[in-house]
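Enquirer: Take a look at the following structure, please.
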Amino acid sequence: MMQLYRALPILLSVGLFGCGNSSTQESASAPVKENTDSFVSKLPDTAPTIKVATTGTMPPFSFQDDYGNMQGIDIDSIRAIGEEQGFKVEFYKETWQNMFDTVESGGRDLAISGISYKDDRAVKYGLSSPYFFNPSSIMYKNADLKINRIDDLQGMHVAAMEGSKQEDQLNAMGKYSQLTTRSTAYLLYEDLMQDKVDVILHDLPILQFTAKNHPEYDVTIVAYEGEDNPSAQQVILMAKGNNELIRKVDEGIAKLKQKGTFKEIENRWLGAAESAEKSDSDTNTKQVN
């Protein structure tokens, strides 16, 4: 299914966007202050606490408010899973690579921050069942371009996050004229706005979030992965062999899917899916299925 979005600006704050498949420049590894956090657990004080690694630099999945409190789709998701399964969560801000390392070493119990399923990750780590659809997307600003899929990028100067699944997909496609990689989504978007590249590739929810909050620029986004593609599925990462925690998390995911909780969380951050209900005259968002 091809999805098209119009008027999609990126928040111009260097380093604000990380990527679910690349590193960031952040190096802090301390618990996040929660004194101004509005979330209140319903669990008793005796409930166990799970240490959660997250980047805090990747809206709408994981980012911080003005007081340093974690918020976003993934933050709400793991809290909901914990409430369902009887454990509290404590967030630790990590770089992208440190999330994986600290989970593997046992310093953190799990990691959640826009992590897509990959076969090599499934071999090395304990991955949860999917809980969120996170397809790769193409963004461009030249209205004369007609792009529906990744193969349409033949002969173009393309850009993606360094080490991301989109970079892997572009290399597999191999028909572009030039490939540029960047360490943050902001740098990708800056290159697009400065006409240094023809298109950029990133995760659709990140672009949806910026479209909702910053409609200053007229660009187009096309999602090119279907729900049947494993790499379009978002998962929670745990240590290999931590079977009890993996079981608890998977049970929680199954229960919350049945209740529709993840869809509620998605709508909270991205708004209800814009679709046929939007008219063609709507200049903010347009989706074609």
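Quick note on naming: the chains in the structure tokens go A, B, ... in the order shown, residues restart at 1 in each chain, and ligands are numbered from 1 in order of appearance.
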Neighbouring residues of stretch 201-206 of chain A were defined as those with any atom within 6 Å, considering only C-alpha atoms; residues of the same chain fewer than 2 positions away were excluded. Please report them as a VMD selection string.
Expert: chain A and resid 60 135 to 138 160 208 to 209
Enquirer: If you run DSSP on the backbone here, which positions in stretch 128-267 of chain A get strand (DSSP E or B)? Please write them as a PyMOL selection string.
Expert: chain A and resi 132-133+136-140+157-161+178-182+199-203+220-223+233-234+237-238
Enquirer: If you keep N, CA, C and O atoms, can you produce a file of those selected residues as a compact mmCIF listing (two decimals), in the first residue's frame?
Expert:
# COMPACT_ATOMS: atom_id res chain seq x y z
N PHE A 132 4.38 -2.34 16.50
CA PHE A 132 4.12 -1.07 15.80
C PHE A 132 4.59 -1.21 14.36
O PHE A 132 5.65 -1.78 14.09
N PHE A 133 3.80 -0.70 13.42
CA PHE A 133 4.13 -0.71 11.99
C PHE A 133 4.97 0.52 11.68
O PHE A 133 4.54 1.65 11.86
N SER A 136 9.56 2.05 5.91
CA SER A 136 10.48 3.00 5.28
C SER A 136 9.72 3.93 4.35
O SER A 136 8.69 3.55 3.79
N SER A 137 10.25 5.15 4.19
CA SER A 137 9.56 6.17 3.40
C SER A 137 10.55 6.99 2.60
O SER A 137 11.72 7.09 2.95
N ILE A 138 10.04 7.60 1.56
CA ILE A 138 10.82 8.50 0.71
C ILE A 138 10.23 9.89 0.83
O ILE A 138 9.02 10.07 0.73
N MET A 139 11.10 10.89 1.06
CA MET A 139 10.64 12.27 1.08
C MET A 139 11.31 13.04 -0.06
O MET A 139 12.51 12.90 -0.30
N TYR A 140 10.50 13.86 -0.75
CA TYR A 140 11.06 14.73 -1.79
C TYR A 140 10.25 16.02 -1.85
O TYR A 140 9.10 16.06 -1.39
N HIS A 157 20.14 11.36 -6.84
CA HIS A 157 21.02 11.50 -5.68
C HIS A 157 20.17 11.26 -4.44
O HIS A 157 19.28 12.05 -4.13
N VAL A 158 20.43 10.18 -3.75
CA VAL A 158 19.59 9.76 -2.62
C VAL A 158 20.39 9.90 -1.33
O VAL A 158 21.61 9.93 -1.33
N ALA A 159 19.66 9.96 -0.20
CA ALA A 159 20.31 10.09 1.11
C ALA A 159 19.53 9.31 2.15
O ALA A 159 18.30 9.24 2.10
N ALA A 160 20.27 8.74 3.11
CA ALA A 160 19.65 7.97 4.17
C ALA A 160 20.51 8.05 5.42
O ALA A 160 21.64 8.53 5.38
N MET A 161 19.95 7.60 6.54
CA MET A 161 20.70 7.57 7.78
C MET A 161 21.81 6.53 7.70
O MET A 161 21.64 5.44 7.17
N GLN A 178 24.03 8.61 -6.84
CA GLN A 178 24.92 8.90 -5.72
C GLN A 178 24.17 8.69 -4.41
O GLN A 178 22.98 8.99 -4.33
N LEU A 179 24.87 8.15 -3.41
CA LEU A 179 24.28 7.91 -2.10
C LEU A 179 25.03 8.69 -1.05
O LEU A 179 26.26 8.57 -0.92
N THR A 180 24.30 9.51 -0.28
CA THR A 180 24.87 10.25 0.84
C THR A 180 24.27 9.70 2.13
O THR A 180 23.07 9.44 2.19
N THR A 181 25.08 9.50 3.15
CA THR A 181 24.57 9.08 4.45
C THR A 181 24.85 10.16 5.48
O THR A 181 25.87 10.85 5.42
N ARG A 182 23.93 10.28 6.42
CA ARG A 182 24.04 11.29 7.49
C ARG A 182 23.80 10.63 8.84
O ARG A 182 23.20 9.55 8.93
N VAL A 199 16.21 13.13 -2.94
CA VAL A 199 15.27 12.51 -2.01
C VAL A 199 16.02 12.08 -0.76
O VAL A 199 17.24 11.89 -0.77
N ILE A 200 15.27 11.93 0.33
CA ILE A 200 15.82 11.33 1.54
C ILE A 200 14.90 10.18 1.95
O ILE A 200 13.70 10.21 1.68
N LEU A 201 15.48 9.19 2.62
CA LEU A 201 14.72 8.04 3.09
C LEU A 201 14.80 7.95 4.60
O LEU A 201 15.88 8.13 5.18
N HIS A 202 13.65 7.66 5.24
CA HIS A 202 13.60 7.59 6.69
C HIS A 202 12.35 6.80 7.09
O HIS A 202 11.62 6.31 6.24
N ASP A 203 12.11 6.69 8.40
CA ASP A 203 10.92 5.99 8.91
C ASP A 203 9.69 6.88 8.79
O ASP A 203 9.72 8.06 9.14
N THR A 220 6.70 15.91 -0.13
CA THR A 220 5.88 14.71 -0.28
C THR A 220 6.60 13.52 0.33
O THR A 220 7.81 13.39 0.21
N ILE A 221 5.82 12.64 0.98
CA ILE A 221 6.37 11.41 1.54
C ILE A 221 5.59 10.23 0.98
O ILE A 221 4.37 10.23 0.96
N VAL A 222 6.31 9.21 0.57
CA VAL A 222 5.72 7.97 0.10
C VAL A 222 6.27 6.81 0.92
O VAL A 222 7.49 6.62 0.99
N ALA A 223 5.40 6.07 1.56
CA ALA A 223 5.80 4.86 2.28
C ALA A 223 5.85 3.70 1.29
O ALA A 223 4.93 3.52 0.51
N GLN A 233 8.42 -3.86 10.81
CA GLN A 233 7.83 -4.11 12.12
C GLN A 233 8.78 -3.65 13.23
O GLN A 233 9.99 -3.90 13.18
N GLN A 234 8.24 -2.97 14.21
CA GLN A 234 9.01 -2.46 15.34
C GLN A 234 8.95 -3.45 16.49
O GLN A 234 7.89 -4.01 16.78
N LEU A 237 13.84 -4.86 22.29
CA LEU A 237 15.05 -5.65 22.32
C LEU A 237 15.43 -6.04 23.74
O LEU A 237 15.47 -5.18 24.63
N MET A 238 15.69 -7.32 23.96
CA MET A 238 16.10 -7.85 25.26
C MET A 238 17.30 -8.77 25.07
O MET A 238 17.68 -9.09 23.94
Enquirer: Any idea what's packed within 12 Å of A:Ala53, counting only C-alpha atoms, ignoring anything in its chain fewer than 4 positions away? Could you give it as a ChimeraX atom specification?
Expert: /A:28-32,62,70,74-75,78,89-104,106-115,236-238
Enquirer: Write the residues of the selection above to a file with C-alpha atoms, as a PDB file, in the first residue's frame.
Expert:
ATOM      1  CA  ALA A  28      24.502  10.480  28.745  1.00  0.00           C
ATOM      2  CA  SER A  29      23.636   7.278  30.587  1.00  0.00           C
ATOM      3  CA  ALA A  30      21.798   8.404  33.696  1.00  0.00           C
ATOM      4  CA  PRO A  31      18.212   7.891  34.838  1.00  0.00           C
ATOM      5  CA  VAL A  32      15.856  10.541  33.533  1.00  0.00           C
ATOM      6  CA  SER A  62      11.416   8.589  22.271  1.00  0.00           C
ATOM      7  CA  MET A  70      10.895  10.886  28.445  1.00  0.00           C
ATOM      8  CA  ASP A  74       7.691   3.954  22.708  1.00  0.00           C
ATOM      9  CA  ILE A  75       7.639   5.486  26.172  1.00  0.00           C
ATOM     10  CA  ILE A  78       6.497   0.154  27.379  1.00  0.00           C
ATOM     11  CA  VAL A  89       9.896   1.078  34.186  1.00  0.00           C
ATOM     12  CA  GLU A  90      12.877   3.341  34.748  1.00  0.00           C
ATOM     13  CA  PHE A  91      14.310   5.081  31.680  1.00  0.00           C
ATOM     14  CA  TYR A  92      17.993   5.481  30.892  1.00  0.00           C
ATOM     15  CA  LYS A  93      19.123   7.728  28.066  1.00  0.00           C
ATOM     16  CA  GLU A  94      21.680   5.960  25.903  1.00  0.00           C
ATOM     17  CA  THR A  95      23.312   6.388  22.507  1.00  0.00           C
ATOM     18  CA  TRP A  96      21.941   4.094  19.837  1.00  0.00           C
ATOM     19  CA  GLN A  97      24.808   1.590  20.048  1.00  0.00           C
ATOM     20  CA  ASN A  98      24.943   1.752  23.844  1.00  0.00           C
ATOM     21  CA  MET A  99      21.328   0.578  23.985  1.00  0.00           C
ATOM     22  CA  PHE A 100      22.338  -2.698  22.401  1.00  0.00           C
ATOM     23  CA  ASP A 101      25.548  -3.020  24.396  1.00  0.00           C
ATOM     24  CA  THR A 102      23.978  -2.375  27.800  1.00  0.00           C
ATOM     25  CA  VAL A 103      21.154  -4.833  27.140  1.00  0.00           C
ATOM     26  CA  GLU A 104      23.635  -7.471  26.030  1.00  0.00           C
ATOM     27  CA  GLY A 106      22.836  -6.929  31.507  1.00  0.00           C
ATOM     28  CA  GLY A 107      23.148  -3.285  32.523  1.00  0.00           C
ATOM     29  CA  ARG A 108      19.684  -2.622  31.111  1.00  0.00           C
ATOM     30  CA  ASP A 109      16.786  -5.058  30.928  1.00  0.00           C
ATOM     31  CA  LEU A 110      15.442  -3.955  27.560  1.00  0.00           C
ATOM     32  CA  ALA A 111      15.763  -1.305  24.875  1.00  0.00           C
ATOM     33  CA  ILE A 112      12.968   0.479  23.035  1.00  0.00           C
ATOM     34  CA  SER A 113      13.517   3.344  20.607  1.00  0.00           C
ATOM     35  CA  GLY A 114      12.200   2.758  17.101  1.00  0.00           C
ATOM     36  CA  ILE A 115      14.032  -0.570  16.760  1.00  0.00           C
ATOM     37  CA  ILE A 236      11.512  -4.411  21.799  1.00  0.00           C
ATOM     38  CA  LEU A 237      15.055  -5.653  22.323  1.00  0.00           C
ATOM     39  CA  MET A 238      16.103  -7.848  25.257  1.00  0.00           C
TER      40      MET A 238
END
Enquirer: Can you list every residue in stretch 48-218 of chain A that DSSP puts in alpha helix (DSSP H), as number ranges by chain?
Expert: A: 73-85, 96-105, 119-124, 165-173, 185-193, 204-213
Enquirer: Of the residues A:Leu188, A:Ala47, A:Val52, A:Ile73, which is the one nearest to A:Glu266, using only C-alpha atoms?
Expert: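 Result for the nearest residue to A:Glu266: A:Ile73.
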Enquirer: What's the separation between atom CA of A:Met58 and atom CA of A:Gly72, in Å to one decimal place?
Expert: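 These two atoms are separated by 8.7 Å.
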Enquirer: For the atom pair atom CA of A:Thr55 and atom CA of A:Gly226, what is the interatomic distance in Å to one decimal place?
Expert: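 According to the coordinates, atom CA of A:Thr55 and atom CA of A:Gly226 are separated by 26.1 Å.
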Enquirer: Neighbouring residues of A:Lys42 were defined as those with any atom within 12 Å, considering only C-alpha atoms; residues of the same chain fewer than 3 positions away were excluded. Please report them as a PyMOL selection string.
Expert: chain A and resi 39+45-47+79-80+82-88
